[in-house]
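Engineer: First, the structure itself, so that you have it in front of you.
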Amino acid sequence: MAEPDAHPITVAIERRIDPSRAVEATSWMQAGTDLATTFPGFLGSGWVRAGEGSDLWYMLYRFRDIPTLEAWEDSAQRAWWLDSGRVFASEVRIERRTGIEGWFDAPFATHVESQRGADAPATGPIQHPIPSAPPRWKQAVTIWLGFFPTNLLASWALGFVPGFADWPLALRVLIATVLLTPVMTYLVLPWVTRMLRPWLQRPA
């Protein structure tokens, strides 16, 4: 039986960014992503802003398992990167997710706001209940909607490779999956889940 640590881990981080430092923050977030890509076990990452006028920024990164994730999180490179952004960025929430659900329910599952009384200063973030991940059938439909046209297009394109149809089946599948996995991870799945977000969040 597989060990729990063998499951991919997705980390969702919510930060507040000084709006006046948005240009610097954009470069800083990209630098963090570029650093993470150099570590073993890295499977993908991305970041978004909650809205044009919002100071909430969300970052996702995914690693093969807990040991490779912790190697990144405990690294001197990440510590240096975090220190370089402390003047304009502050972490509000960090959450780990296992399995494919990490791409579905983060970062839009979290809402954080400051509590202010009539005569009292802000008391910090209020963490509202986080909706559960979409039902597995919705996850399956979403993945299929991304994978089918991507696989169809790849199969059509590979058909133009001279002699490709005569190659051994295992080799053809190997090449196709090597090509499609990063496309699905970095482009297709994030785009499809963003487009289907209202449906995914709607109660089943």
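Residues are named by chain letter and number: chains run A, B, ... in the order of the structure tokens, numbers start at 1 in each chain, and ligands are numbered from 1 in the order shown.
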Quick one: everything within 12 Å of stretch 25-29 of chain A, counting only C-alpha atoms, minus sequence neighbours fewer than 3 positions away in the same chain. Send it as a ChimeraX atom specification.
Structural biologist: /A:13,15-22,32-36,45-49,55-61,78,80-90
Engineer: Give me the residues near A:Arg172 as JSON, numbers by chain, where near means some atom within 12 Å (using only C-alpha atoms) and where sequence neighbours in that chain fewer than 4 positions away do not count.
Structural biologist: {"A": [154, 155, 158, 159, 161, 163, 164, 165, 166, 167, 168, 176, 177, 178, 179]}
Engineer: Pick the closest to A:Phe63 from A:Pro8, A:Gly146, A:Pro134, A:Pro198: which is it, counting only C-alpha atoms?
Structural biologist: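 Of A:Pro8, A:Gly146, A:Pro134, A:Pro198, the one nearest A:Phe63, counting only C-alpha atoms, is A:Pro8.
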Engineer: Choose the residue, out of A:Ala140, A:Met184, A:Leu200, A:Leu171, that has the smallest atom-to-atom separation from A:Leu43; count only C-alpha atoms.
Structural biologist: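 Result for the nearest residue to A:Leu43: A:Met184.
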Engineer: Go through A:Leu196, A:Thr38, A:Ala157, A:Arg96 one by one, measure the shortest atom-to-atom distance of each to A:Ser75 using only C-alpha atoms, and give the residue with the smallest value.
Structural biologist: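 The answer is A:Thr38, which sits nearest to A:Ser75.
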Engineer: Using the chain letters and numbers from this document, which residues of stretch 12-52 of chain A does DSSP assign to alpha helix (DSSP H), as a list in words?
Structural biologist: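 Secondary structure check on stretch 12-52 of chain A, alpha helix (DSSP H): Ala22, Val23, Glu24, Ala25, Thr26, Ser27, Trp28, Met29, Gln30, Ala31, Gly32, Thr33, Asp34, Leu35 and Ala36 of chain A.
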Engineer: Got time to write the residues from that selection, all heavy atoms, as an mmCIF file, in the first residue's frame?
Structural biologist:
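Output file again37.cif follows:
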```
data_model
loop_
_atom_site.group_PDB
_atom_site.id
_atom_site.type_symbol
_atom_site.label_atom_id
_atom_site.label_comp_id
_atom_site.auth_asym_id
_atom_site.auth_seq_id
_atom_site.Cartn_x
_atom_site.Cartn_y
_atom_site.Cartn_z
ATOM 1 N N ALA A 22 2.301 47.077 -6.287
ATOM 2 C CA ALA A 22 1.815 45.986 -7.140
ATOM 3 C C ALA A 22 2.821 45.576 -8.203
ATOM 4 O O ALA A 22 2.960 44.391 -8.520
ATOM 5 C CB ALA A 22 0.491 46.386 -7.790
ATOM 6 N N VAL A 23 3.525 46.544 -8.778
ATOM 7 C CA VAL A 23 4.500 46.214 -9.822
ATOM 8 C C VAL A 23 5.626 45.370 -9.246
ATOM 9 O O VAL A 23 6.021 44.345 -9.829
ATOM 10 C CB VAL A 23 5.059 47.495 -10.465
ATOM 11 C CG1 VAL A 23 6.178 47.162 -11.445
ATOM 12 C CG2 VAL A 23 3.945 48.261 -11.179
ATOM 13 N N GLU A 24 6.126 45.783 -8.077
ATOM 14 C CA GLU A 24 7.185 45.005 -7.432
ATOM 15 C C GLU A 24 6.670 43.623 -7.023
ATOM 16 O O GLU A 24 7.368 42.618 -7.162
ATOM 17 C CB GLU A 24 7.701 45.739 -6.197
ATOM 18 C CG GLU A 24 8.387 47.054 -6.502
ATOM 19 C CD GLU A 24 8.552 47.891 -5.241
ATOM 20 O OE1 GLU A 24 9.507 47.621 -4.500
ATOM 21 O OE2 GLU A 24 7.715 48.783 -5.015
ATOM 22 N N ALA A 25 5.431 43.587 -6.524
ATOM 23 C CA ALA A 25 4.863 42.322 -6.077
ATOM 24 C C ALA A 25 4.708 41.338 -7.232
ATOM 25 O O ALA A 25 4.912 40.131 -7.063
ATOM 26 C CB ALA A 25 3.515 42.560 -5.408
ATOM 27 N N THR A 26 4.354 41.846 -8.403
ATOM 28 C CA THR A 26 4.216 40.981 -9.565
ATOM 29 C C THR A 26 5.540 40.303 -9.891
ATOM 30 O O THR A 26 5.606 39.089 -10.118
ATOM 31 C CB THR A 26 3.723 41.787 -10.778
ATOM 32 O OG1 THR A 26 2.447 42.347 -10.483
ATOM 33 C CG2 THR A 26 3.623 40.919 -12.017
ATOM 34 N N SER A 27 6.615 41.072 -9.916
ATOM 35 C CA SER A 27 7.940 40.502 -10.177
ATOM 36 C C SER A 27 8.360 39.559 -9.067
ATOM 37 O O SER A 27 8.978 38.517 -9.318
ATOM 38 C CB SER A 27 8.972 41.628 -10.325
ATOM 39 O OG SER A 27 8.657 42.458 -11.427
ATOM 40 N N TRP A 28 7.998 39.926 -7.839
ATOM 41 C CA TRP A 28 8.363 39.085 -6.688
ATOM 42 C C TRP A 28 7.656 37.736 -6.738
ATOM 43 O O TRP A 28 8.270 36.686 -6.512
ATOM 44 C CB TRP A 28 7.999 39.828 -5.407
ATOM 45 C CG TRP A 28 8.284 39.092 -4.138
ATOM 46 C CD1 TRP A 28 9.515 38.877 -3.577
ATOM 47 C CD2 TRP A 28 7.329 38.492 -3.264
ATOM 48 N NE1 TRP A 28 9.372 38.166 -2.402
ATOM 49 C CE2 TRP A 28 8.053 37.927 -2.179
ATOM 50 C CE3 TRP A 28 5.933 38.393 -3.279
ATOM 51 C CZ2 TRP A 28 7.415 37.258 -1.137
ATOM 52 C CZ3 TRP A 28 5.295 37.731 -2.242
ATOM 53 C CH2 TRP A 28 6.031 37.167 -1.190
ATOM 54 N N MET A 29 6.362 37.728 -7.048
ATOM 55 C CA MET A 29 5.620 36.484 -7.144
ATOM 56 C C MET A 29 6.185 35.599 -8.246
ATOM 57 O O MET A 29 6.330 34.380 -8.084
ATOM 58 C CB MET A 29 4.142 36.774 -7.406
ATOM 59 C CG MET A 29 3.431 37.469 -6.259
ATOM 60 S SD MET A 29 3.078 36.381 -4.857
ATOM 61 C CE MET A 29 1.483 35.738 -5.339
ATOM 62 N N GLN A 30 6.526 36.201 -9.377
ATOM 63 C CA GLN A 30 7.085 35.422 -10.477
ATOM 64 C C GLN A 30 8.453 34.853 -10.102
ATOM 65 O O GLN A 30 8.794 33.725 -10.478
ATOM 66 C CB GLN A 30 7.200 36.283 -11.729
ATOM 67 C CG GLN A 30 7.615 35.504 -12.969
ATOM 68 C CD GLN A 30 6.650 34.383 -13.291
ATOM 69 O OE1 GLN A 30 5.445 34.604 -13.373
ATOM 70 N NE2 GLN A 30 7.157 33.173 -13.468
ATOM 71 N N ALA A 31 9.230 35.631 -9.343
ATOM 72 C CA ALA A 31 10.537 35.148 -8.904
ATOM 73 C C ALA A 31 10.393 33.929 -8.003
ATOM 74 O O ALA A 31 11.178 32.970 -8.095
ATOM 75 C CB ALA A 31 11.287 36.263 -8.175
ATOM 76 N N GLY A 32 9.385 33.943 -7.131
ATOM 77 C CA GLY A 32 9.144 32.794 -6.271
ATOM 78 C C GLY A 32 8.778 31.558 -7.072
ATOM 79 O O GLY A 32 9.244 30.445 -6.785
ATOM 80 N N THR A 33 7.940 31.750 -8.091
ATOM 81 C CA THR A 33 7.571 30.632 -8.961
ATOM 82 C C THR A 33 8.801 30.080 -9.670
ATOM 83 O O THR A 33 9.007 28.863 -9.747
ATOM 84 C CB THR A 33 6.536 31.099 -10.002
ATOM 85 O OG1 THR A 33 5.349 31.513 -9.316
ATOM 86 C CG2 THR A 33 6.199 29.998 -10.978
ATOM 87 N N ASP A 34 9.643 30.968 -10.189
ATOM 88 C CA ASP A 34 10.842 30.528 -10.902
ATOM 89 C C ASP A 34 11.794 29.765 -9.981
ATOM 90 O O ASP A 34 12.427 28.789 -10.397
ATOM 91 C CB ASP A 34 11.561 31.735 -11.510
ATOM 92 C CG ASP A 34 10.755 32.401 -12.616
ATOM 93 O OD1 ASP A 34 9.827 31.760 -13.141
ATOM 94 O OD2 ASP A 34 11.047 33.566 -12.931
ATOM 95 N N LEU A 35 11.903 30.211 -8.743
ATOM 96 C CA LEU A 35 12.756 29.500 -7.785
ATOM 97 C C LEU A 35 12.237 28.095 -7.516
ATOM 98 O O LEU A 35 12.990 27.125 -7.492
ATOM 99 C CB LEU A 35 12.835 30.280 -6.465
ATOM 100 C CG LEU A 35 13.870 31.384 -6.355
ATOM 101 C CD1 LEU A 35 13.743 32.072 -5.000
ATOM 102 C CD2 LEU A 35 15.281 30.819 -6.505
ATOM 103 N N ALA A 36 10.920 27.976 -7.325
ATOM 104 C CA ALA A 36 10.331 26.674 -6.997
ATOM 105 C C ALA A 36 10.539 25.666 -8.113
ATOM 106 O O ALA A 36 10.697 24.469 -7.855
ATOM 107 C CB ALA A 36 8.843 26.836 -6.699
#
```
Engineer: Could you find all residues in stretch 13-42 of chain A that DSSP calls strand (DSSP E or B) from the backbone, and write them as an NGL selection string?
Structural biologist: :A and (13-17 or 42)
